[in-house]
>>> print(open('final.csv').read())   # CSV, C-alpha atoms
chain,number,residue,atom,x,y,z
O,286,MET,CA,52.8,31.4,4.5
O,287,THR,CA,54.0,31.2,8.1
O,288,ASP,CA,50.4,31.7,9.3
O,289,ILE,CA,49.1,29.0,7.1
O,290,ALA,CA,51.8,26.6,8.2
O,291,ALA,CA,51.0,27.4,11.8
O,292,GLY,CA,47.3,26.5,11.3
O,293,SER,CA,46.1,30.1,11.8
O,294,VAL,CA,44.0,30.2,8.6
O,295,SER,CA,41.2,32.8,9.0
O,296,ARG,CA,37.6,31.4,8.7
O,297,PRO,CA,35.0,33.0,6.5
O,298,PRO,CA,32.6,35.4,8.1
O,299,ALA,CA,29.7,33.8,10.0
O,300,ALA,CA,27.3,35.8,7.8
O,301,GLN,CA,28.4,33.7,4.8
O,302,THR,CA,28.2,30.2,6.3
O,303,GLY,CA,25.6,28.1,8.1
O,304,VAL,CA,21.9,29.1,8.3
O,305,VAL,CA,22.6,32.8,8.0
O,306,GLY,CA,24.7,32.3,4.9
O,307,TRP,CA,22.0,30.1,3.3
O,308,LEU,CA,19.3,32.7,4.1
O,309,ARG,CA,21.3,35.5,2.6
O,310,GLN,CA,22.2,33.6,-0.5
O,311,ASN,CA,18.7,32.1,-1.2
O,312,LEU,CA,16.1,34.4,0.3
O,313,PHE,CA,17.6,37.8,0.9
O,314,SER,CA,20.2,38.2,-1.9
O,315,ASN,CA,18.6,41.3,-3.3
O,316,TRP,CA,15.6,43.6,-2.8
O,317,PHE,CA,13.4,41.6,-5.1
O,318,ASN,CA,14.1,38.3,-3.3
O,319,CYS,CA,13.5,40.0,0.0
O,320,ALA,CA,10.1,41.2,-1.2
O,321,LEU,CA,9.1,37.8,-2.5
O,322,THR,CA,10.3,36.2,0.8
O,323,PHE,CA,8.2,38.5,3.0
O,324,LEU,CA,5.2,38.1,0.7
O,325,ALA,CA,5.5,34.3,0.8
O,326,LEU,CA,5.8,34.5,4.6
O,327,TYR,CA,2.6,36.6,4.8
O,328,VAL,CA,0.6,34.2,2.6
O,329,ILE,CA,1.9,31.2,4.6
O,330,VAL,CA,1.0,32.8,8.0
O,331,VAL,CA,-2.4,34.0,6.9
O,332,GLY,CA,-3.3,30.9,4.9
O,333,GLY,CA,-1.9,28.6,7.5
O,334,LYS,CA,-3.9,30.1,10.3
O,335,ALA,CA,-7.1,29.9,8.3
O,336,LEU,CA,-6.4,26.3,7.4
O,337,VAL,CA,-5.6,25.3,11.0
O,338,ASP,CA,-8.8,27.1,12.2
O,339,TRP,CA,-10.9,25.3,9.6
O,340,ALA,CA,-9.3,21.8,9.8
O,341,LEU,CA,-8.6,21.6,13.6
O,342,LEU,CA,-9.7,24.4,15.9
O,343,ASP,CA,-13.2,25.0,14.6
O,344,ALA,CA,-13.8,21.5,13.2
O,345,THR,CA,-16.4,19.0,14.2
O,346,PHE,CA,-14.9,15.6,14.7
O,347,VAL,CA,-17.9,13.7,16.3
O,348,GLY,CA,-21.5,14.4,15.9
O,349,THR,CA,-24.4,14.4,13.4
O,350,PHE,CA,-24.8,16.4,10.2
O,351,GLU,CA,-26.8,19.0,12.1
O,352,ASP,CA,-23.9,19.6,14.4
O,353,CYS,CA,-21.7,20.1,11.4
O,354,ARG,CA,-24.1,22.6,9.9
O,355,LYS,CA,-24.0,24.6,13.1
O,356,GLY,CA,-20.2,24.7,13.0
O,357,THR,CA,-17.9,26.9,11.0
O,358,GLY,CA,-15.0,24.5,10.4
O,359,ALA,CA,-14.5,21.2,8.8
O,360,CYS,CA,-16.9,18.3,9.3
O,361,TRP,CA,-14.7,15.2,10.0
O,362,ALA,CA,-17.8,13.5,11.5
O,363,VAL,CA,-18.7,12.5,7.9
O,364,VAL,CA,-15.6,10.2,7.9
O,365,ALA,CA,-16.6,8.7,11.2
O,366,GLU,CA,-20.3,8.3,10.0
O,367,LYS,CA,-19.5,6.8,6.6
O,368,ARG,CA,-16.2,5.0,7.4
O,369,HIS,CA,-17.5,1.5,6.7
O,370,PHE,CA,-18.7,2.3,3.2
O,371,MET,CA,-15.6,4.5,2.5
O,372,LEU,CA,-13.2,1.8,3.5
O,373,PHE,CA,-15.0,-1.4,2.5
O,374,GLY,CA,-17.8,-0.4,0.0
O,375,THR,CA,-20.9,-2.6,0.1
O,376,TYR,CA,-19.2,-5.4,2.1
O,377,PRO,CA,-21.6,-6.6,4.7
O,378,TYR,CA,-21.4,-4.5,7.8
O,379,GLU,CA,-21.4,-7.4,10.3
O,380,GLU,CA,-18.4,-8.9,8.5
O,381,ALA,CA,-16.3,-5.8,8.4
O,382,TRP,CA,-13.6,-7.4,10.4
O,383,ARG,CA,-12.7,-9.6,7.4
O,384,PRO,CA,-11.7,-6.8,5.0
O,385,ALA,CA,-10.0,-5.0,7.9
O,386,ALA,CA,-7.9,-8.1,8.7
O,387,ALA,CA,-7.1,-8.6,5.0
O,388,THR,CA,-5.9,-5.0,4.7
O,389,ALA,CA,-3.8,-5.3,7.9
O,390,LEU,CA,-2.2,-8.5,6.5
O,391,PHE,CA,-1.3,-6.8,3.3
O,392,ILE,CA,0.3,-3.8,5.1
O,393,VAL,CA,2.3,-6.1,7.4
O,394,THR,CA,3.5,-8.2,4.4
O,395,LEU,CA,4.4,-5.0,2.6
O,396,LEU,CA,6.4,-3.7,5.5
O,397,VAL,CA,8.2,-7.0,6.0
O,398,SER,CA,9.2,-6.9,2.3
O,399,THR,CA,11.1,-3.6,2.7
O,400,ARG,CA,13.9,-5.5,4.4
O,401,ARG,CA,16.3,-6.5,1.7
O,402,SER,CA,17.8,-9.2,3.9
O,403,LEU,CA,14.5,-11.1,3.6
O,404,TRP,CA,14.3,-11.0,-0.2
O,405,GLY,CA,14.2,-14.4,-1.7
O,406,ARG,CA,12.0,-17.5,-2.1
O,407,PRO,CA,10.6,-17.4,1.4
O,408,LEU,CA,9.3,-13.9,0.9
O,409,MET,CA,7.7,-14.9,-2.4
O,410,ILE,CA,6.0,-17.8,-0.7
O,411,GLY,CA,4.9,-15.4,2.0
O,412,TRP,CA,3.3,-13.1,-0.6
O,413,ILE,CA,1.5,-16.0,-2.2
O,414,ALA,CA,0.2,-17.2,1.2
O,415,SER,CA,-0.9,-13.6,2.1
O,416,PHE,CA,-2.9,-13.3,-1.1
O,417,ILE,CA,-4.5,-16.7,-0.5
O,418,VAL,CA,-5.5,-15.7,3.1
O,419,MET,CA,-6.8,-12.4,1.9
O,420,GLY,CA,-8.9,-14.1,-0.8
O,421,VAL,CA,-10.3,-16.5,1.8
O,422,LEU,CA,-11.1,-13.7,4.2
O,423,MET,CA,-12.8,-11.6,1.5
O,424,ARG,CA,-14.7,-14.3,-0.3
O,425,GLY,CA,-15.5,-16.7,2.6
O,426,GLY,CA,-17.4,-19.9,2.0
O,427,VAL,CA,-14.8,-21.9,4.0
O,428,LEU,CA,-13.9,-22.2,7.7
O,429,GLY,CA,-17.4,-21.1,8.6
O,430,LEU,CA,-17.1,-17.7,6.9
O,431,THR,CA,-20.2,-16.3,5.2
O,432,PRO,CA,-19.7,-16.2,1.4
O,433,VAL,CA,-19.4,-12.7,-0.1
O,434,THR,CA,-19.4,-12.3,-3.8
O,435,THR,CA,-16.8,-10.0,-5.5
O,436,GLU,CA,-19.7,-7.7,-6.5
O,437,ASN,CA,-19.7,-6.6,-2.8
O,438,TRP,CA,-16.0,-6.1,-2.5
O,439,GLY,CA,-14.9,-2.5,-2.5
O,440,GLY,CA,-13.0,0.3,-0.8
O,441,LEU,CA,-9.4,0.1,0.3
O,442,PRO,CA,-9.0,-3.7,0.2
O,443,LEU,CA,-10.2,-3.7,-3.5
O,444,THR,CA,-7.8,-0.9,-4.4
O,445,LEU,CA,-4.8,-2.7,-2.7
O,446,MET,CA,-5.6,-6.1,-4.3
O,447,LEU,CA,-6.1,-4.7,-7.8
O,448,SER,CA,-3.0,-2.6,-7.7
O,449,SER,CA,-0.7,-5.0,-5.9
O,450,ILE,CA,-1.7,-8.1,-7.9
O,451,GLY,CA,-1.6,-6.1,-11.1
O,452,ILE,CA,1.9,-4.8,-10.4
O,453,ILE,CA,3.3,-8.1,-9.2
O,454,ALA,CA,1.9,-10.1,-12.2
O,455,ALA,CA,2.7,-7.4,-14.7
O,456,PHE,CA,6.4,-7.1,-13.8
O,457,PRO,CA,7.6,-10.5,-15.1
O,458,LEU,CA,5.3,-10.1,-18.1
O,459,GLY,CA,6.8,-6.7,-18.8
O,460,LEU,CA,10.4,-8.2,-18.5
O,461,VAL,CA,9.5,-10.8,-21.1
O,462,LEU,CA,8.0,-8.2,-23.4
O,463,ALA,CA,11.1,-6.0,-23.1
O,464,LEU,CA,13.4,-8.9,-23.9
O,465,GLY,CA,11.1,-9.9,-26.8
O,466,ARG,CA,11.2,-6.4,-28.3
O,467,ARG,CA,15.0,-6.6,-28.4
O,468,SER,CA,15.0,-10.1,-29.7
O,469,THR,CA,16.6,-11.0,-33.0
O,470,MET,CA,13.8,-13.4,-33.8
O,471,PRO,CA,11.4,-11.5,-36.1
O,472,ILE,CA,8.1,-13.2,-35.0
O,473,ILE,CA,8.9,-12.7,-31.3
O,474,LYS,CA,9.9,-9.1,-31.8
O,475,ALA,CA,6.9,-8.4,-34.0
O,476,LEU,CA,4.4,-9.8,-31.5
O,477,SER,CA,6.1,-8.0,-28.6
O,478,VAL,CA,6.0,-4.7,-30.5
O,479,ALA,CA,2.4,-5.1,-31.5
O,480,PHE,CA,1.3,-5.9,-28.0
O,481,ILE,CA,3.2,-3.0,-26.4
O,482,GLU,CA,2.2,-0.4,-28.9
O,483,LEU,CA,-1.4,-1.5,-29.1
O,484,VAL,CA,-1.9,-1.4,-25.3
O,485,ARG,CA,0.1,1.8,-24.8
O,486,GLY,CA,-1.9,3.5,-27.6
O,487,VAL,CA,-5.2,3.4,-25.7
O,488,PRO,CA,-6.2,4.7,-22.3
O,489,LEU,CA,-6.7,2.3,-19.4
O,490,ILE,CA,-10.4,3.0,-19.3
O,491,SER,CA,-10.7,1.6,-22.8
O,492,VAL,CA,-8.9,-1.6,-21.8
O,493,LEU,CA,-11.3,-2.0,-18.8
O,494,PHE,CA,-14.3,-1.3,-21.0
O,495,MET,CA,-13.2,-4.0,-23.5
O,496,ALA,CA,-12.5,-6.4,-20.7
O,497,SER,CA,-15.9,-5.8,-19.2
O,498,VAL,CA,-18.2,-5.4,-22.2
O,499,MET,CA,-16.6,-6.7,-25.3
O,500,PHE,CA,-14.6,-9.7,-24.1
O,501,PRO,CA,-17.7,-11.6,-22.9
O,502,LEU,CA,-19.1,-11.4,-26.4
O,503,PHE,CA,-16.4,-13.7,-27.6
O,504,LEU,CA,-17.1,-16.4,-25.0
O,505,PRO,CA,-19.3,-19.4,-25.6
O,506,GLU,CA,-22.9,-19.0,-24.6
O,507,GLY,CA,-23.4,-19.7,-20.9
O,508,VAL,CA,-19.7,-19.1,-20.0
O,509,THR,CA,-19.0,-16.1,-17.8
O,510,ILE,CA,-15.9,-14.8,-16.1
O,511,ASP,CA,-16.0,-12.7,-12.9
O,512,LYS,CA,-15.8,-9.0,-13.7
O,513,LEU,CA,-13.2,-8.5,-11.0
O,514,LEU,CA,-11.0,-11.0,-12.7
O,515,ARG,CA,-11.5,-9.3,-16.1
O,516,ALA,CA,-10.6,-6.0,-14.6
O,517,GLN,CA,-7.5,-7.5,-13.0
O,518,VAL,CA,-6.4,-9.0,-16.3
O,519,GLY,CA,-6.9,-5.6,-18.0
O,520,ILE,CA,-4.8,-3.8,-15.4
O,521,ILE,CA,-2.0,-6.4,-15.7
O,522,MET,CA,-1.9,-6.1,-19.5
O,523,PHE,CA,-1.8,-2.3,-19.3
O,524,ALA,CA,0.9,-2.1,-16.7
O,525,ALA,CA,3.0,-4.8,-18.4
O,526,ALA,CA,3.2,-2.7,-21.6
O,527,TYR,CA,4.5,0.3,-19.8
O,528,ILE,CA,6.9,-1.7,-17.6
O,529,ALA,CA,8.2,-3.3,-20.8
O,530,GLU,CA,9.1,0.1,-22.3
O,531,ALA,CA,10.8,1.2,-19.1
O,532,VAL,CA,12.9,-1.9,-18.9
O,533,ARG,CA,13.8,-1.6,-22.6
O,534,GLY,CA,15.2,1.8,-21.8
O,535,GLY,CA,17.3,0.3,-19.0
O,536,LEU,CA,18.6,-2.5,-21.3
O,537,GLN,CA,19.7,0.1,-23.9
O,538,ALA,CA,21.5,2.1,-21.1
O,539,VAL,CA,23.6,-0.9,-20.1
O,540,PRO,CA,27.1,-0.5,-21.8
O,541,LYS,CA,27.7,-2.8,-24.7
O,542,GLY,CA,30.8,-4.1,-23.0
O,543,GLN,CA,28.7,-5.8,-20.4
O,544,PHE,CA,27.0,-7.9,-23.1
O,545,GLU,CA,30.4,-8.7,-24.6
O,546,ALA,CA,31.8,-9.7,-21.2
O,547,ALA,CA,28.9,-12.1,-20.6
O,548,ASP,CA,29.5,-13.7,-24.0
O,549,ALA,CA,33.2,-13.9,-23.3
O,550,LEU,CA,32.4,-15.8,-20.1
O,551,GLY,CA,30.4,-18.4,-22.1
O,552,LEU,CA,27.2,-17.6,-20.3
O,553,SER,CA,23.9,-18.6,-22.0
O,554,TYR,CA,21.4,-15.9,-23.0
O,555,TRP,CA,19.2,-16.4,-20.0
O,556,LYS,CA,22.1,-16.6,-17.5
O,557,SER,CA,23.7,-13.5,-18.8
O,558,MET,CA,20.4,-11.6,-18.6
O,559,ARG,CA,19.6,-12.9,-15.1
O,560,LEU,CA,23.1,-12.5,-13.6
O,561,ILE,CA,24.6,-9.5,-15.4
O,562,ILE,CA,22.3,-7.5,-17.7
O,563,LEU,CA,18.9,-7.3,-16.0
O,564,PRO,CA,20.3,-6.3,-12.5
O,565,GLN,CA,22.0,-3.3,-14.0
O,566,ALA,CA,19.1,-2.4,-16.2
O,567,LEU,CA,16.5,-2.6,-13.4
O,568,ARG,CA,18.8,-0.5,-11.1
O,569,ILE,CA,18.8,2.2,-13.8
O,570,VAL,CA,15.0,2.3,-14.3
O,571,ILE,CA,13.9,2.3,-10.6
O,572,PRO,CA,12.5,5.8,-10.8
O,573,PRO,CA,10.3,5.2,-13.9
O,574,LEU,CA,9.2,1.9,-12.6
O,575,VAL,CA,8.0,3.4,-9.3
O,576,GLY,CA,6.3,6.1,-11.3
O,577,ILE,CA,4.4,3.4,-13.2
O,578,PHE,CA,3.5,1.6,-9.9
O,579,ILE,CA,2.2,4.8,-8.4
O,580,GLY,CA,0.2,5.6,-11.5
O,581,MET,CA,-1.4,2.1,-11.5
O,582,PHE,CA,-2.2,2.4,-7.8
O,583,LYS,CA,-4.2,5.6,-8.5
O,584,ASP,CA,-5.7,4.4,-11.8
O,585,THR,CA,-7.6,1.7,-10.0
O,586,SER,CA,-10.3,4.3,-9.6
O,587,LEU,CA,-11.2,3.7,-13.2
O,588,VAL,CA,-12.8,0.4,-12.3
O,589,LEU,CA,-16.0,2.3,-11.7
O,590,ILE,CA,-16.8,1.9,-15.4
O,591,ILE,CA,-17.4,-1.8,-14.8
O,592,GLY,CA,-19.3,-1.4,-11.6
O,593,LEU,CA,-16.5,-1.9,-9.0
O,594,TYR,CA,-16.1,0.5,-6.1
O,595,ASP,CA,-12.5,1.2,-5.1
O,596,LEU,CA,-11.6,3.6,-2.4
O,597,LEU,CA,-12.2,6.8,-4.3
O,598,ASN,CA,-15.5,5.6,-5.8
O,599,ALA,CA,-16.7,4.3,-2.5
O,600,VAL,CA,-16.0,7.8,-1.0
O,601,ARG,CA,-17.8,9.5,-3.8
O,602,THR,CA,-20.8,7.2,-3.4
O,603,SER,CA,-20.9,7.5,0.4
O,604,ILE,CA,-21.6,11.3,0.2
O,605,ASN,CA,-24.7,10.8,-2.0
O,606,ASP,CA,-26.6,10.9,1.2
O,607,PRO,CA,-28.5,14.2,1.1
O,608,ASN,CA,-27.7,14.9,4.8
O,609,TRP,CA,-24.0,14.7,4.3
O,610,ARG,CA,-23.7,15.9,0.7
O,611,ALA,CA,-22.5,19.3,1.7
O,612,PHE,CA,-19.4,17.9,3.4
O,613,GLY,CA,-17.9,16.1,0.3
O,614,THR,CA,-14.7,18.2,0.7
O,615,GLU,CA,-13.8,16.5,3.9
O,616,ALA,CA,-14.5,13.0,2.4
O,617,TYR,CA,-12.3,13.7,-0.6
O,618,ILE,CA,-9.5,15.0,1.7
O,619,PHE,CA,-9.7,11.7,3.6
O,620,ALA,CA,-9.4,9.7,0.3
O,621,ALA,CA,-6.5,11.9,-0.8
O,622,ALA,CA,-4.7,11.4,2.5
O,623,VAL,CA,-5.0,7.6,2.1
O,624,PHE,CA,-3.7,7.7,-1.5
O,625,PHE,CA,-0.9,10.1,-0.4
O,626,VAL,CA,0.3,7.8,2.4
O,627,PHE,CA,0.7,4.8,0.1
O,628,CYS,CA,2.2,6.8,-2.8
O,629,TYR,CA,4.6,8.6,-0.6
O,630,PHE,CA,5.8,5.4,0.9
O,631,MET,CA,6.5,3.9,-2.5
O,632,SER,CA,8.3,7.1,-3.5
O,633,LYS,CA,10.6,7.2,-0.5
O,634,TYR,CA,11.3,3.5,-0.6
O,635,SER,CA,12.4,3.8,-4.2
O,636,GLN,CA,14.8,6.5,-3.2
O,637,TYR,CA,16.2,4.3,-0.5
O,638,LEU,CA,16.6,1.5,-3.0
O,639,GLU,CA,18.5,3.8,-5.4
O,640,ARG,CA,20.9,4.8,-2.6
O,641,LEU,CA,21.3,1.2,-1.4
O,642,LEU,CA,21.9,-0.3,-4.9
O,643,ALA,CA,24.2,2.6,-5.9
O,644,ALA,CA,26.5,2.2,-2.8
O,645,GLY,CA,30.0,1.3,-3.8
O,646,ARG,CA,29.5,1.6,-7.5
O,647,ASN,CA,32.0,4.4,-7.9
O,648,ARG,CA,34.6,3.1,-5.5
>>> encode(input="final.csv", output="C-alpha cells")
Amino acid sequence: MTDIAAGSVSRPPAAQTGVVGWLRQNLFSNWFNCALTFLALYVIVVGGKALVDWALLDATFVGTFEDCRKGTGACWAVVAEKRHFMLFGTYPYEEAWRPAAATALFIVTLLVSTRRSLWGRPLMIGWIASFIVMGVLMRGGVLGLTPVTTENWGGLPLTLMLSSIGIIAAFPLGLVLALGRRSTMPIIKALSVAFIELVRGVPLISVLFMASVMFPLFLPEGVTIDKLLRAQVGIIMFAAAYIAEAVRGGLQAVPKGQFEAADALGLSYWKSMRLIILPQALRIVIPPLVGIFIGMFKDTSLVLIIGLYDLLNAVRTSINDPNWRAFGTEAYIFAAAVFFVFCYFMSKYSQYLERLLAAGRNR
C-alpha cells in the first residue's frame, strides 16, 4: 500500500507489452502459430522476390514487342505502346488532349469536393459546370473543336462519366424511392415497391440490354436516342433502386423518438426529413452506400454489350493486336491498378466521413 501511494508501482515485463508483446501474443503464442508464422514468412520472401524480379528488375518498360519476347520479366512496354486506346478508346489520336483535360478536370473537382467546408450550393454549381465543360471537350462542335460522336468515346473518361453521373443522378432518385416505399399513401408506396423490386430483381446487363435493344422498339419511327444516353439512364435506374433500399434501412434504424420529436416541434414532413431524419439515416448507411458506389464504378464495364468501350473493354480490345497478345497480363494489371486507385480512394474517404460525422455523438 505504501509503495503504491509512493508511486512505485512495478511495470509489466517488457516481453508482454509493445511490439514484442504483440508478436508473442499474435504470432508466437504456441508452437503451431510459430510454424504458421515461419511458413508465411517463407512464402512472402520467396514469392515477393519472384514478383519483384518479374515486375521490376527483369521487366521491359520501353521497347517493341520483340524486346519483350527476349526478356524474362513483365512487358510494361505494352502499356506505353497502347496507352492511347487503353485510356481513350477510339477517340481521335490527334485530339487526345481533350479527353485528357476532361479527366483532369473531373479529378480536380473530385479532390476539391473532399473538403467538407466547401460543401454547399457553390460546389454543386461547380460540379454542373465541370460536367458541361467535360461534355464540350469530349463532344466538340463549338469553340473551334472538331466534333466527335459519342460512339468514339471510350476508356477512362467514359468510365468516369458513366459512373459519376449515374451516382449523382441516382442518389436523389433513390432518396425519393426510399421515402415513397415508407409512405402511407398506397399508390405511392406500391409504385415505389414495384420499381425497386423489379429493377433489383434483374442484373444490370439485362437493364442495359433493354435500354439498348428493346427501348428503341417503343419509339416512333425515325426517332432515335443516343445509346450513351440510354446506357446512362439504365445505370441511373439500377443504382437508384439499390440506393433506395440502403436508405430505407437507415430510416428504419433511426429511433422512433426522433420522428416524434420532429412532430412535437411542429415541423412539416419534408422539413423533418431534411433537418432531422435523413441526416441521421444517411450517416448510418455510409458504408453500404459507398459499397454501391464502388460496385457501380466497376460495373460500367458491362456497357460493352451496347458497343461502348469503357476502360476495361478498351484494354481488352487493345491487346487483340497479334504482336502484343502475349502480354495481356500486364495490360489487365494496368486496368486493375486504375480501378483500385479510384475504389480505394472512395473506401478511405467513406471511413474519414464516418469518423468525422460520428465525432461528438457520444459526448
>>> atom_distance(input="final.csv", atom1="CA of Pro407 in chain O", atom2="CA of Ala455 in chain O")
20.5 Å
>>> residues_around(input="final.csv", residues="Val421 in chain O", least_positions_apart="2", cutoff="12 Å", atoms="all atoms listed in the file", output="JSON, numbers by chain")
{"O": [383, 384, 386, 387, 414, 415, 416, 417, 418, 419, 423, 424, 425, 426, 427, 428, 429, 430, 431, 432, 433, 434, 435]}
>>> atom_distance(input="final.csv", atom1="CA of Arg466 in chain O", atom2="CA of Thr585 in chain O")
27.5 Å
>>> atom_distance(input="final.csv", atom1="CA of Gly542 in chain O", atom2="CA of Arg568 in chain O")
17.3 Å
>>> closest_residue(input="final.csv", among="O:Phe619, O:Trp361, O:Leu513, O:Ala529", to="Ser477 in chain O", atoms="all atoms listed in the file")
O:Ala529
>>> residues_around(input="final.csv", residues="Leu574 in chain O", least_positions_apart="2", cutoff="9 Å", atoms="all atoms listed in the file", output="PDB file with C-alpha atoms, in the coordinates of the input")
ATOM      1  CA  TYR O 527       4.500   0.300 -19.800  1.00  0.00           C
ATOM      2  CA  ILE O 528       6.900  -1.700 -17.600  1.00  0.00           C
ATOM      3  CA  ALA O 531      10.800   1.200 -19.100  1.00  0.00           C
ATOM      4  CA  VAL O 532      12.900  -1.900 -18.900  1.00  0.00           C
ATOM      5  CA  LEU O 567      16.500  -2.600 -13.400  1.00  0.00           C
ATOM      6  CA  VAL O 570      15.000   2.300 -14.300  1.00  0.00           C
ATOM      7  CA  ILE O 571      13.900   2.300 -10.600  1.00  0.00           C
ATOM      8  CA  PRO O 572      12.500   5.800 -10.800  1.00  0.00           C
ATOM      9  CA  GLY O 576       6.300   6.100 -11.300  1.00  0.00           C
ATOM     10  CA  ILE O 577       4.400   3.400 -13.200  1.00  0.00           C
ATOM     11  CA  PHE O 578       3.500   1.600  -9.900  1.00  0.00           C
ATOM     12  CA  ILE O 579       2.200   4.800  -8.400  1.00  0.00           C
TER      13      ILE O 579
END
>>> residues_near_point(input="final.csv", point="(-15.0, -1.3, -17.3)", cutoff="10 Å", atoms="all atoms listed in the file", output="short mmCIF file (atom, residue, chain, number, x, y, z; two decimals) with C-alpha atoms, in the coordinates of the input")
data_model
loop_
_atom_site.label_atom_id
_atom_site.label_comp_id
_atom_site.auth_asym_id
_atom_site.auth_seq_id
_atom_site.Cartn_x
_atom_site.Cartn_y
_atom_site.Cartn_z
CA LEU O 489 -6.70 2.30 -19.40
CA ILE O 490 -10.40 3.00 -19.30
CA SER O 491 -10.70 1.60 -22.80
CA VAL O 492 -8.90 -1.60 -21.80
CA LEU O 493 -11.30 -2.00 -18.80
CA PHE O 494 -14.30 -1.30 -21.00
CA MET O 495 -13.20 -4.00 -23.50
CA ALA O 496 -12.50 -6.40 -20.70
CA SER O 497 -15.90 -5.80 -19.20
CA VAL O 498 -18.20 -5.40 -22.20
CA MET O 499 -16.60 -6.70 -25.30
CA LYS O 512 -15.80 -9.00 -13.70
CA LEU O 513 -13.20 -8.50 -11.00
CA ARG O 515 -11.50 -9.30 -16.10
CA ALA O 516 -10.60 -6.00 -14.60
CA GLY O 519 -6.90 -5.60 -18.00
CA LEU O 587 -11.20 3.70 -13.20
CA VAL O 588 -12.80 0.40 -12.30
CA LEU O 589 -16.00 2.30 -11.70
CA ILE O 590 -16.80 1.90 -15.40
CA ILE O 591 -17.40 -1.80 -14.80
CA GLY O 592 -19.30 -1.40 -11.60
CA LEU O 593 -16.50 -1.90 -9.00
#
>>> closest_residue(input="final.csv", among="O:Gln543, O:Ser402, O:Asn605, O:Thr375", to="Trp438 in chain O", atoms="all atoms listed in the file")
O:Thr375
>>> closest_residue(input="final.csv", among="O:Ile569, O:Leu308, O:Val393, O:Cys353", to="Glu615 in chain O", atoms="only C-alpha atoms")
O:Cys353
>>> residues_around(input="final.csv", residues="Thr394 in chain O", least_positions_apart="6", cutoff="9 Å", atoms="all atoms listed in the file", output="PyMOL selection string")
chain O and resi 408+411-412+415
>>> closest_residue(input="final.csv", among="O:Leu536, O:Ala621, O:Leu458, O:Leu445", to="Ala566 in chain O", atoms="only C-alpha atoms")
O:Leu536
>>> residues_around(input="final.csv", residues="Lys367 in chain O", least_positions_apart="6", cutoff="10 Å", atoms="only C-alpha atoms", output="list in words")
Gly374, Ala599, Val600, Ser603, Ile604, Asp606, Trp609 and Ala616 of chain O
>>> write_last_selection(input="final.csv", atoms="C-alpha atoms", output="PDB file, in the coordinates of the input")
ATOM      1  CA  GLY O 374     -17.800  -0.400   0.000  1.00  0.00           C
ATOM      2  CA  ALA O 599     -16.700   4.300  -2.500  1.00  0.00           C
ATOM      3  CA  VAL O 600     -16.000   7.800  -1.000  1.00  0.00           C
ATOM      4  CA  SER O 603     -20.900   7.500   0.400  1.00  0.00           C
ATOM      5  CA  ILE O 604     -21.600  11.300   0.200  1.00  0.00           C
ATOM      6  CA  ASP O 606     -26.600  10.900   1.200  1.00  0.00           C
ATOM      7  CA  TRP O 609     -24.000  14.700   4.300  1.00  0.00           C
ATOM      8  CA  ALA O 616     -14.500  13.000   2.400  1.00  0.00           C
TER       9      ALA O 616
END
>>> closest_residue(input="final.csv", among="O:Phe391, O:Phe624, O:Tyr637, O:Tyr378", to="Ile450 in chain O", atoms="all atoms listed in the file")
O:Phe391
>>> closest_residue(input="final.csv", among="O:Ala549, O:Ala620, O:Ala381, O:Ile561", to="Lys583 in chain O", atoms="all atoms listed in the file")
O:Ala620
>>> axis_aligned_box(input="final.csv", around="range 606-622 of chain O", padding_each_side="6 Å", output="lines of an AutoDock Vina configuration file")
center_x = -16.6
center_y = 14.5
center_z = 2.0
size_x = 35.8
size_y = 21.6
size_z = 17.6
>>> build_atoms(input="final.csv", residues="range 591-602 of chain O", atoms="N, CA and C atoms", output="compact mmCIF listing (two decimals), in the frame of the given file")
# COMPACT_ATOMS: atom_id res chain seq x y z
N ILE O 591 -16.82 -0.48 -14.72
CA ILE O 591 -17.40 -1.80 -14.80
C ILE O 591 -18.12 -2.19 -13.49
N GLY O 592 -18.46 -1.18 -12.71
CA GLY O 592 -19.30 -1.40 -11.60
C GLY O 592 -18.60 -1.82 -10.30
N LEU O 593 -17.28 -1.60 -10.21
CA LEU O 593 -16.50 -1.90 -9.00
C LEU O 593 -16.25 -0.61 -8.24
N TYR O 594 -16.28 -0.68 -6.92
CA TYR O 594 -16.10 0.50 -6.10
C TYR O 594 -14.82 0.44 -5.30
N ASP O 595 -13.79 1.06 -5.86
CA ASP O 595 -12.50 1.20 -5.10
C ASP O 595 -12.67 2.25 -4.08
N LEU O 596 -11.56 2.62 -3.47
CA LEU O 596 -11.60 3.60 -2.40
C LEU O 596 -12.22 4.92 -2.80
N LEU O 597 -11.74 5.48 -3.91
CA LEU O 597 -12.20 6.80 -4.30
C LEU O 597 -13.71 6.74 -4.71
N ASN O 598 -14.12 5.72 -5.43
CA ASN O 598 -15.50 5.60 -5.80
C ASN O 598 -16.42 5.33 -4.66
N ALA O 599 -15.91 4.58 -3.67
CA ALA O 599 -16.70 4.30 -2.50
C ALA O 599 -16.90 5.63 -1.69
N VAL O 600 -15.86 6.46 -1.63
CA VAL O 600 -16.00 7.80 -1.00
C VAL O 600 -16.98 8.64 -1.70
N ARG O 601 -16.89 8.65 -3.04
CA ARG O 601 -17.80 9.50 -3.80
C ARG O 601 -19.25 9.03 -3.63
N THR O 602 -19.47 7.73 -3.57
CA THR O 602 -20.80 7.20 -3.40
C THR O 602 -21.35 7.47 -1.99
